[in-house]
Number of protein chains: 2
Amino acid sequence: MENRLNSSLLEKAVADLSKLPGIGRKTALRLALHLLRKEPEEAVSLGNALIELRTKISYCSCCHNISEEETCQICSDPRRDRKIVCVVENIQDVLAVEATGSHKGLYHVLGGLISPLDGIGPSDIEIDSLVKRVENDKIKEVILALSPTIEGDTTNFYIFRKLSAFPVKITMLARGLSVGNELEYTDELTLGKSIQNRIPFQ
Amino acid sequence: MENRLNSSLLEKAVADLSKLPGIGRKTALRLALHLLRKEPEEAVSLGNALIELRTKISYCSCCHNISEEETCQICSDPRRDRKIVCVVENIQDVLAVEATGSHKGLYHVLGGLISPLDGIGPSDIEIDSLVKRVENDKIKEVILALSPTIEGDTTNFYIFRKLSAFPVKITMLARGLSVGNELEYTDELTLGKSIQNRIPFQ
């Protein structure tokens, strides 16, 4: 089915859908034909939702999370602890941490990690704005919640150095055994760290 | 990540995307965040393509294939044989037959198969219009290209009876071994049919 479709509208929809990640031409055709069978309202609603998503959404001036207002819902929520800031790589990570319900403070979305191989330096991500925030808002604790990768560790260390001039407690996510994983199949680095960082039995 | 997202625009896009077949909430979120990272033009193009697909596309008055005009590109192509009509269940099947390049005639899209269990009778699909077409256009051959299922066979037989009054040759797709399949693993019904309908060695 690699040939052109006999309708340019269908062809355009299939071509645009198949630009999405993980969606090939066959899946795109299946989705387009599904929409053709449904009520027009459904396709119009989806189409407008995608357009509005990209054109109306902006970023919170404080934490750089996505937002429809100047400041996002989390930053403007009076019940959240404004003195604790959780530093994450991207929006998905905000959602992941929020889903745990374990963080009652605010966020700071870096928009990437320092990665010299990819040409991403400290000035390409939101580190300066984090330092300003810590200084101006008298932040008490910064939780570094970056992925346990080389890029994550590099970024953690850079932020740690930048913030060492301020009276702020800097913590990072615990590294150790994943809940539900078997000890036998845990990689040696993780197992080693979890022995070094062993915690009192509660 | 089953909790509500902190942006109603993102929530709406994710909710609408996850109505598509085979796309769950996590995939929908991944697609939405992908669009957020891309140029606005890409999301606008996709959104408009989906809206126009559903609102501007219509069906060919002759063969009921999708079309942007009164008659579709295939029906209005002067190089195609107007006396041979291939009867298919739906639009996907038109694409599948077209992809083979083996059919140079026109199509007739039934829009379904007779299926009493699903409450679909002969009057719910485009059989009457096929009979009229055969009569008015002096069709010479009708190729029944329906799936080899009970519903397909029922529909084949119904069409055969309806057309028996006209001087039209009625053929159906050959049934036999799939190219590349091993004999040992071919089901007995198919193998039996392929012995009964054996063809001269060429």
# chains A, B, ... in the order shown; residues from 1 in each chain; ligands from 1
call {"tool": "select_by_dssp", "arguments": {"residues": "region 50-197 of chain A", "states": "strand (DSSP E)", "output": "list in words"}}
result
Ser58, Tyr59, Ile66, Ser67, Asp81, Arg82, Lys83, Ile84, Val85, Cys86, Val87, Val88, Gly105, Leu106, Tyr107, His108, Val109, Glu141, Val142, Ile143, Leu144, Lys169, Ile170, Thr171 and Met172 of chain A
call {"tool": "interface_residues", "arguments": {"of": "chain A", "to": "chain B", "cutoff": "9 Å", "atoms": "only C-alpha atoms", "output": "PyMOL selection string"}}
result
chain A and resi 1-3+5-10+12-17+20-22+29-57+66-68+72-74+91-92+95-96+98-100
call {"tool": "select_by_dssp", "arguments": {"residues": "region 137-190 of chain A", "states": "alpha helix (DSSP H)", "output": "PyMOL selection string"}}
result
chain A and resi 150-163+188-190
call {"tool": "write_last_selection", "arguments": {"atoms": "all heavy atoms", "output": "short mmCIF file (atom, residue, chain, number, x, y, z; two decimals), in the first residue's frame"}}
result
data_model
loop_
_atom_site.label_atom_id
_atom_site.label_comp_id
_atom_site.auth_asym_id
_atom_site.auth_seq_id
_atom_site.Cartn_x
_atom_site.Cartn_y
_atom_site.Cartn_z
N ILE A 150 24.64 9.46 32.55
CA ILE A 150 25.82 10.33 32.56
C ILE A 150 25.40 11.80 32.42
O ILE A 150 25.86 12.67 33.14
CB ILE A 150 26.78 9.93 31.41
CG1 ILE A 150 27.31 8.53 31.69
CG2 ILE A 150 27.92 10.94 31.28
CD1 ILE A 150 28.42 8.09 30.78
N GLU A 151 24.45 12.06 31.49
CA GLU A 151 23.98 13.43 31.28
C GLU A 151 23.31 13.95 32.54
O GLU A 151 23.51 15.12 32.94
CB GLU A 151 22.99 13.50 30.10
CG GLU A 151 23.61 13.27 28.74
CD GLU A 151 23.86 11.80 28.44
OE1 GLU A 151 23.30 10.94 29.16
OE2 GLU A 151 24.62 11.51 27.49
N GLY A 152 22.49 13.09 33.17
CA GLY A 152 21.80 13.50 34.40
C GLY A 152 22.80 13.83 35.49
O GLY A 152 22.68 14.86 36.18
N ASP A 153 23.81 12.97 35.66
CA ASP A 153 24.80 13.19 36.72
C ASP A 153 25.63 14.44 36.46
O ASP A 153 25.94 15.20 37.38
CB ASP A 153 25.71 11.96 36.83
CG ASP A 153 25.00 10.79 37.51
OD1 ASP A 153 23.95 11.04 38.15
OD2 ASP A 153 25.48 9.65 37.41
N THR A 154 25.99 14.66 35.18
CA THR A 154 26.75 15.87 34.82
C THR A 154 25.94 17.10 35.19
O THR A 154 26.46 18.06 35.78
CB THR A 154 27.02 15.88 33.29
OG1 THR A 154 27.63 14.65 32.93
CG2 THR A 154 27.92 17.04 32.91
N THR A 155 24.66 17.08 34.82
CA THR A 155 23.79 18.23 35.09
C THR A 155 23.61 18.42 36.60
O THR A 155 23.68 19.55 37.11
CB THR A 155 22.43 18.03 34.40
OG1 THR A 155 22.67 17.63 33.04
CG2 THR A 155 21.62 19.30 34.40
N ASN A 156 23.39 17.31 37.32
CA ASN A 156 23.30 17.36 38.79
C ASN A 156 24.52 18.06 39.37
O ASN A 156 24.39 18.98 40.19
CB ASN A 156 23.28 15.93 39.36
CG ASN A 156 21.88 15.35 39.38
OD1 ASN A 156 20.90 16.07 39.28
ND2 ASN A 156 21.80 14.04 39.50
N PHE A 157 25.71 17.65 38.92
CA PHE A 157 26.95 18.18 39.49
C PHE A 157 27.11 19.66 39.17
O PHE A 157 27.50 20.47 40.01
CB PHE A 157 28.14 17.38 38.95
CG PHE A 157 29.42 17.74 39.64
CD1 PHE A 157 29.62 17.44 40.99
CD2 PHE A 157 30.43 18.40 38.96
CE1 PHE A 157 30.80 17.78 41.63
CE2 PHE A 157 31.61 18.75 39.60
CZ PHE A 157 31.80 18.44 40.94
N TYR A 158 26.74 20.04 37.93
CA TYR A 158 26.83 21.45 37.52
C TYR A 158 25.92 22.32 38.37
O TYR A 158 26.32 23.38 38.85
CB TYR A 158 26.48 21.58 36.03
CG TYR A 158 26.71 22.96 35.48
CD1 TYR A 158 27.94 23.34 34.96
CD2 TYR A 158 25.70 23.93 35.53
CE1 TYR A 158 28.16 24.61 34.48
CE2 TYR A 158 25.91 25.20 35.05
CZ TYR A 158 27.13 25.53 34.53
OH TYR A 158 27.35 26.80 34.06
N ILE A 159 24.69 21.84 38.56
CA ILE A 159 23.73 22.61 39.36
C ILE A 159 24.22 22.69 40.81
O ILE A 159 24.15 23.75 41.45
CB ILE A 159 22.32 21.96 39.30
CG1 ILE A 159 21.76 22.07 37.88
CG2 ILE A 159 21.38 22.60 40.30
CD1 ILE A 159 20.44 21.35 37.69
N PHE A 160 24.75 21.58 41.33
CA PHE A 160 25.25 21.54 42.70
C PHE A 160 26.32 22.61 42.91
O PHE A 160 26.29 23.37 43.88
CB PHE A 160 25.82 20.14 42.99
CG PHE A 160 26.45 20.01 44.35
CD1 PHE A 160 25.66 19.85 45.48
CD2 PHE A 160 27.82 20.04 44.50
CE1 PHE A 160 26.22 19.74 46.73
CE2 PHE A 160 28.40 19.93 45.76
CZ PHE A 160 27.60 19.78 46.87
N ARG A 161 27.25 22.70 41.94
CA ARG A 161 28.32 23.69 42.05
C ARG A 161 27.78 25.11 42.00
O ARG A 161 28.18 25.99 42.74
CB ARG A 161 29.34 23.49 40.92
CG ARG A 161 30.45 22.54 41.28
CD ARG A 161 31.67 22.80 40.43
NE ARG A 161 31.29 23.35 39.12
CZ ARG A 161 32.06 23.31 38.04
NH1 ARG A 161 33.24 22.73 38.11
NH2 ARG A 161 31.67 23.84 36.91
N LYS A 162 26.83 25.34 41.07
CA LYS A 162 26.25 26.68 40.89
C LYS A 162 25.50 27.14 42.14
O LYS A 162 25.42 28.32 42.44
CB LYS A 162 25.27 26.66 39.70
CG LYS A 162 25.95 26.81 38.35
CD LYS A 162 26.16 28.29 38.07
CE LYS A 162 26.82 28.48 36.71
NZ LYS A 162 27.11 29.91 36.46
N LEU A 163 24.90 26.18 42.86
CA LEU A 163 24.04 26.52 44.00
C LEU A 163 24.80 26.51 45.32
O LEU A 163 24.25 26.89 46.36
CB LEU A 163 22.85 25.57 44.08
CG LEU A 163 21.83 25.66 42.96
CD1 LEU A 163 20.69 24.69 43.21
CD2 LEU A 163 21.29 27.08 42.82
N GLU A 188 24.94 -4.60 38.81
CA GLU A 188 25.90 -4.49 39.93
C GLU A 188 26.10 -3.05 40.38
O GLU A 188 26.32 -2.78 41.55
CB GLU A 188 27.24 -5.16 39.58
CG GLU A 188 27.91 -4.65 38.33
CD GLU A 188 27.62 -5.55 37.13
OE1 GLU A 188 26.43 -5.91 36.92
OE2 GLU A 188 28.55 -5.89 36.41
N LEU A 189 26.01 -2.09 39.45
CA LEU A 189 26.17 -0.68 39.85
C LEU A 189 25.08 -0.27 40.83
O LEU A 189 25.35 0.33 41.87
CB LEU A 189 26.10 0.22 38.60
CG LEU A 189 27.44 0.56 37.93
CD1 LEU A 189 27.18 1.36 36.67
CD2 LEU A 189 28.30 1.36 38.89
N THR A 190 23.83 -0.61 40.46
CA THR A 190 22.70 -0.25 41.32
C THR A 190 22.81 -0.96 42.66
O THR A 190 22.62 -0.35 43.72
CB THR A 190 21.38 -0.65 40.62
OG1 THR A 190 21.32 0.01 39.36
CG2 THR A 190 20.18 -0.26 41.45
#
call {"tool": "residues_around", "arguments": {"residues": "region 170-185 of chain B", "least_positions_apart": "3", "cutoff": "10 Å", "atoms": "only C-alpha atoms", "output": "PyMOL selection string"}}
result
chain B and resi 84-87+140-148+156+159-160+163-164+167+188-198
call {"tool": "atom_distance", "arguments": {"atom1": "CA of Asp93 (chain A)", "atom2": "CA of Glu126 (chain A)"}}
result
15.1 Å
call {"tool": "atom_distance", "arguments": {"atom1": "CA of Glu89 (chain B)", "atom2": "CA of Ile120 (chain B)"}}
result
12.9 Å
call {"tool": "atom_distance", "arguments": {"atom1": "CA of Ala28 (chain A)", "atom2": "CA of Tyr59 (chain B)"}}
result
20.3 Å
call {"tool": "decode", "arguments": {"residues": "region 53-69 of chain B", "atoms": "all heavy atoms", "output": "mmCIF file, in the first residue's frame"}}
result
data_model
loop_
_atom_site.group_PDB
_atom_site.id
_atom_site.type_symbol
_atom_site.label_atom_id
_atom_site.label_comp_id
_atom_site.auth_asym_id
_atom_site.auth_seq_id
_atom_site.Cartn_x
_atom_site.Cartn_y
_atom_site.Cartn_z
ATOM 1 N N LEU B 53 -10.279 16.107 6.096
ATOM 2 C CA LEU B 53 -10.516 14.721 5.708
ATOM 3 C C LEU B 53 -11.966 14.345 5.965
ATOM 4 O O LEU B 53 -12.643 13.797 5.102
ATOM 5 C CB LEU B 53 -9.594 13.800 6.525
ATOM 6 C CG LEU B 53 -9.851 12.303 6.387
ATOM 7 C CD1 LEU B 53 -9.410 11.803 5.036
ATOM 8 C CD2 LEU B 53 -9.154 11.524 7.493
ATOM 9 N N ARG B 54 -12.450 14.682 7.172
ATOM 10 C CA ARG B 54 -13.777 14.222 7.550
ATOM 11 C C ARG B 54 -14.882 15.103 6.999
ATOM 12 O O ARG B 54 -15.987 14.621 6.733
ATOM 13 C CB ARG B 54 -13.876 14.152 9.081
ATOM 14 C CG ARG B 54 -15.157 13.523 9.592
ATOM 15 C CD ARG B 54 -15.277 12.100 9.079
ATOM 16 N NE ARG B 54 -16.576 11.522 9.377
ATOM 17 C CZ ARG B 54 -17.632 11.633 8.593
ATOM 18 N NH1 ARG B 54 -17.557 12.311 7.467
ATOM 19 N NH2 ARG B 54 -18.770 11.049 8.933
ATOM 20 N N THR B 55 -14.603 16.416 6.826
ATOM 21 C CA THR B 55 -15.698 17.307 6.444
ATOM 22 C C THR B 55 -15.775 17.517 4.932
ATOM 23 O O THR B 55 -16.842 17.785 4.407
ATOM 24 C CB THR B 55 -15.556 18.685 7.131
ATOM 25 O OG1 THR B 55 -14.244 19.189 6.877
ATOM 26 C CG2 THR B 55 -15.752 18.559 8.634
ATOM 27 N N LYS B 56 -14.650 17.388 4.220
ATOM 28 C CA LYS B 56 -14.681 17.701 2.784
ATOM 29 C C LYS B 56 -14.782 16.468 1.904
ATOM 30 O O LYS B 56 -15.158 16.562 0.746
ATOM 31 C CB LYS B 56 -13.426 18.490 2.384
ATOM 32 C CG LYS B 56 -13.448 19.913 2.901
ATOM 33 C CD LYS B 56 -12.489 20.781 2.119
ATOM 34 C CE LYS B 56 -12.456 22.193 2.698
ATOM 35 N NZ LYS B 56 -11.256 22.915 2.265
ATOM 36 N N ILE B 57 -14.404 15.309 2.462
ATOM 37 C CA ILE B 57 -14.407 14.121 1.628
ATOM 38 C C ILE B 57 -15.841 13.624 1.459
ATOM 39 O O ILE B 57 -16.663 13.733 2.370
ATOM 40 C CB ILE B 57 -13.498 13.029 2.246
ATOM 41 C CG1 ILE B 57 -12.578 12.460 1.170
ATOM 42 C CG2 ILE B 57 -14.302 11.935 2.903
ATOM 43 C CD1 ILE B 57 -11.427 11.681 1.729
ATOM 44 N N SER B 58 -16.156 13.111 0.301
ATOM 45 C CA SER B 58 -17.489 12.532 0.124
ATOM 46 C C SER B 58 -17.310 11.214 -0.623
ATOM 47 O O SER B 58 -16.201 10.701 -0.729
ATOM 48 C CB SER B 58 -18.375 13.499 -0.641
ATOM 49 O OG SER B 58 -17.782 13.777 -1.887
ATOM 50 N N TYR B 59 -18.390 10.668 -1.113
ATOM 51 C CA TYR B 59 -18.316 9.354 -1.730
ATOM 52 C C TYR B 59 -18.718 9.429 -3.196
ATOM 53 O O TYR B 59 -19.616 10.186 -3.566
ATOM 54 C CB TYR B 59 -19.184 8.367 -0.944
ATOM 55 C CG TYR B 59 -18.615 8.157 0.437
ATOM 56 C CD1 TYR B 59 -18.978 8.993 1.493
ATOM 57 C CD2 TYR B 59 -17.652 7.187 0.667
ATOM 58 C CE1 TYR B 59 -18.406 8.846 2.749
ATOM 59 C CE2 TYR B 59 -17.078 7.031 1.921
ATOM 60 C CZ TYR B 59 -17.452 7.864 2.951
ATOM 61 O OH TYR B 59 -16.868 7.709 4.178
ATOM 62 N N CYS B 60 -18.059 8.636 -4.005
ATOM 63 C CA CYS B 60 -18.314 8.613 -5.442
ATOM 64 C C CYS B 60 -19.745 8.155 -5.696
ATOM 65 O O CYS B 60 -20.189 7.151 -5.131
ATOM 66 C CB CYS B 60 -17.323 7.655 -6.100
ATOM 67 S SG CYS B 60 -17.613 7.408 -7.853
ATOM 68 N N SER B 61 -20.471 8.889 -6.517
ATOM 69 C CA SER B 61 -21.877 8.556 -6.756
ATOM 70 C C SER B 61 -21.998 7.271 -7.560
ATOM 71 O O SER B 61 -23.058 6.657 -7.595
ATOM 72 C CB SER B 61 -22.556 9.704 -7.501
ATOM 73 O OG SER B 61 -21.934 9.853 -8.760
ATOM 74 N N CYS B 62 -20.926 6.850 -8.202
ATOM 75 C CA CYS B 62 -20.971 5.652 -9.034
ATOM 76 C C CYS B 62 -20.545 4.414 -8.243
ATOM 77 O O CYS B 62 -21.291 3.454 -8.133
ATOM 78 C CB CYS B 62 -20.066 5.875 -10.248
ATOM 79 S SG CYS B 62 -19.909 4.434 -11.302
ATOM 80 N N CYS B 63 -19.334 4.439 -7.661
ATOM 81 C CA CYS B 63 -18.795 3.221 -7.044
ATOM 82 C C CYS B 63 -18.769 3.272 -5.521
ATOM 83 O O CYS B 63 -18.413 2.295 -4.878
ATOM 84 C CB CYS B 63 -17.397 2.937 -7.580
ATOM 85 S SG CYS B 63 -16.145 4.051 -6.924
ATOM 86 N N HIS B 64 -19.112 4.438 -4.920
ATOM 87 C CA HIS B 64 -19.157 4.614 -3.464
ATOM 88 C C HIS B 64 -17.787 4.543 -2.807
ATOM 89 O O HIS B 64 -17.687 4.378 -1.591
ATOM 90 C CB HIS B 64 -20.122 3.613 -2.817
ATOM 91 C CG HIS B 64 -21.450 3.609 -3.474
ATOM 92 N ND1 HIS B 64 -22.352 4.642 -3.341
ATOM 93 C CD2 HIS B 64 -22.022 2.726 -4.339
ATOM 94 C CE1 HIS B 64 -23.423 4.390 -4.067
ATOM 95 N NE2 HIS B 64 -23.248 3.235 -4.691
ATOM 96 N N ASN B 65 -16.735 4.659 -3.586
ATOM 97 C CA ASN B 65 -15.398 4.834 -3.045
ATOM 98 C C ASN B 65 -15.296 6.277 -2.533
ATOM 99 O O ASN B 65 -16.096 7.121 -2.921
ATOM 100 C CB ASN B 65 -14.375 4.603 -4.170
ATOM 101 C CG ASN B 65 -12.946 4.548 -3.655
ATOM 102 O OD1 ASN B 65 -12.705 4.548 -2.451
ATOM 103 N ND2 ASN B 65 -12.014 4.498 -4.567
ATOM 104 N N ILE B 66 -14.323 6.565 -1.640
ATOM 105 C CA ILE B 66 -14.175 7.955 -1.212
ATOM 106 C C ILE B 66 -13.712 8.797 -2.389
ATOM 107 O O ILE B 66 -12.991 8.334 -3.263
ATOM 108 C CB ILE B 66 -13.179 8.126 -0.051
ATOM 109 C CG1 ILE B 66 -11.868 7.401 -0.347
ATOM 110 C CG2 ILE B 66 -13.766 7.677 1.243
ATOM 111 C CD1 ILE B 66 -10.776 7.784 0.607
ATOM 112 N N SER B 67 -14.140 10.059 -2.372
ATOM 113 C CA SER B 67 -13.856 10.942 -3.499
ATOM 114 C C SER B 67 -14.016 12.379 -3.059
ATOM 115 O O SER B 67 -14.753 12.676 -2.112
ATOM 116 C CB SER B 67 -14.830 10.632 -4.631
ATOM 117 O OG SER B 67 -14.674 11.577 -5.653
ATOM 118 N N GLU B 68 -13.313 13.283 -3.713
ATOM 119 C CA GLU B 68 -13.539 14.704 -3.430
ATOM 120 C C GLU B 68 -14.485 15.303 -4.459
ATOM 121 O O GLU B 68 -14.981 16.400 -4.289
ATOM 122 C CB GLU B 68 -12.202 15.450 -3.457
ATOM 123 C CG GLU B 68 -11.381 15.144 -2.235
ATOM 124 C CD GLU B 68 -9.896 15.086 -2.534
ATOM 125 O OE1 GLU B 68 -9.375 16.004 -3.177
ATOM 126 O OE2 GLU B 68 -9.262 14.083 -2.133
ATOM 127 N N GLU B 69 -14.709 14.577 -5.554
ATOM 128 C CA GLU B 69 -15.591 15.059 -6.623
ATOM 129 C C GLU B 69 -16.834 14.177 -6.646
ATOM 130 O O GLU B 69 -16.964 13.237 -5.884
ATOM 131 C CB GLU B 69 -14.873 14.950 -7.985
ATOM 132 C CG GLU B 69 -13.454 15.450 -8.009
ATOM 133 C CD GLU B 69 -13.375 16.961 -7.875
ATOM 134 O OE1 GLU B 69 -14.344 17.623 -8.279
ATOM 135 O OE2 GLU B 69 -12.367 17.463 -7.364
#
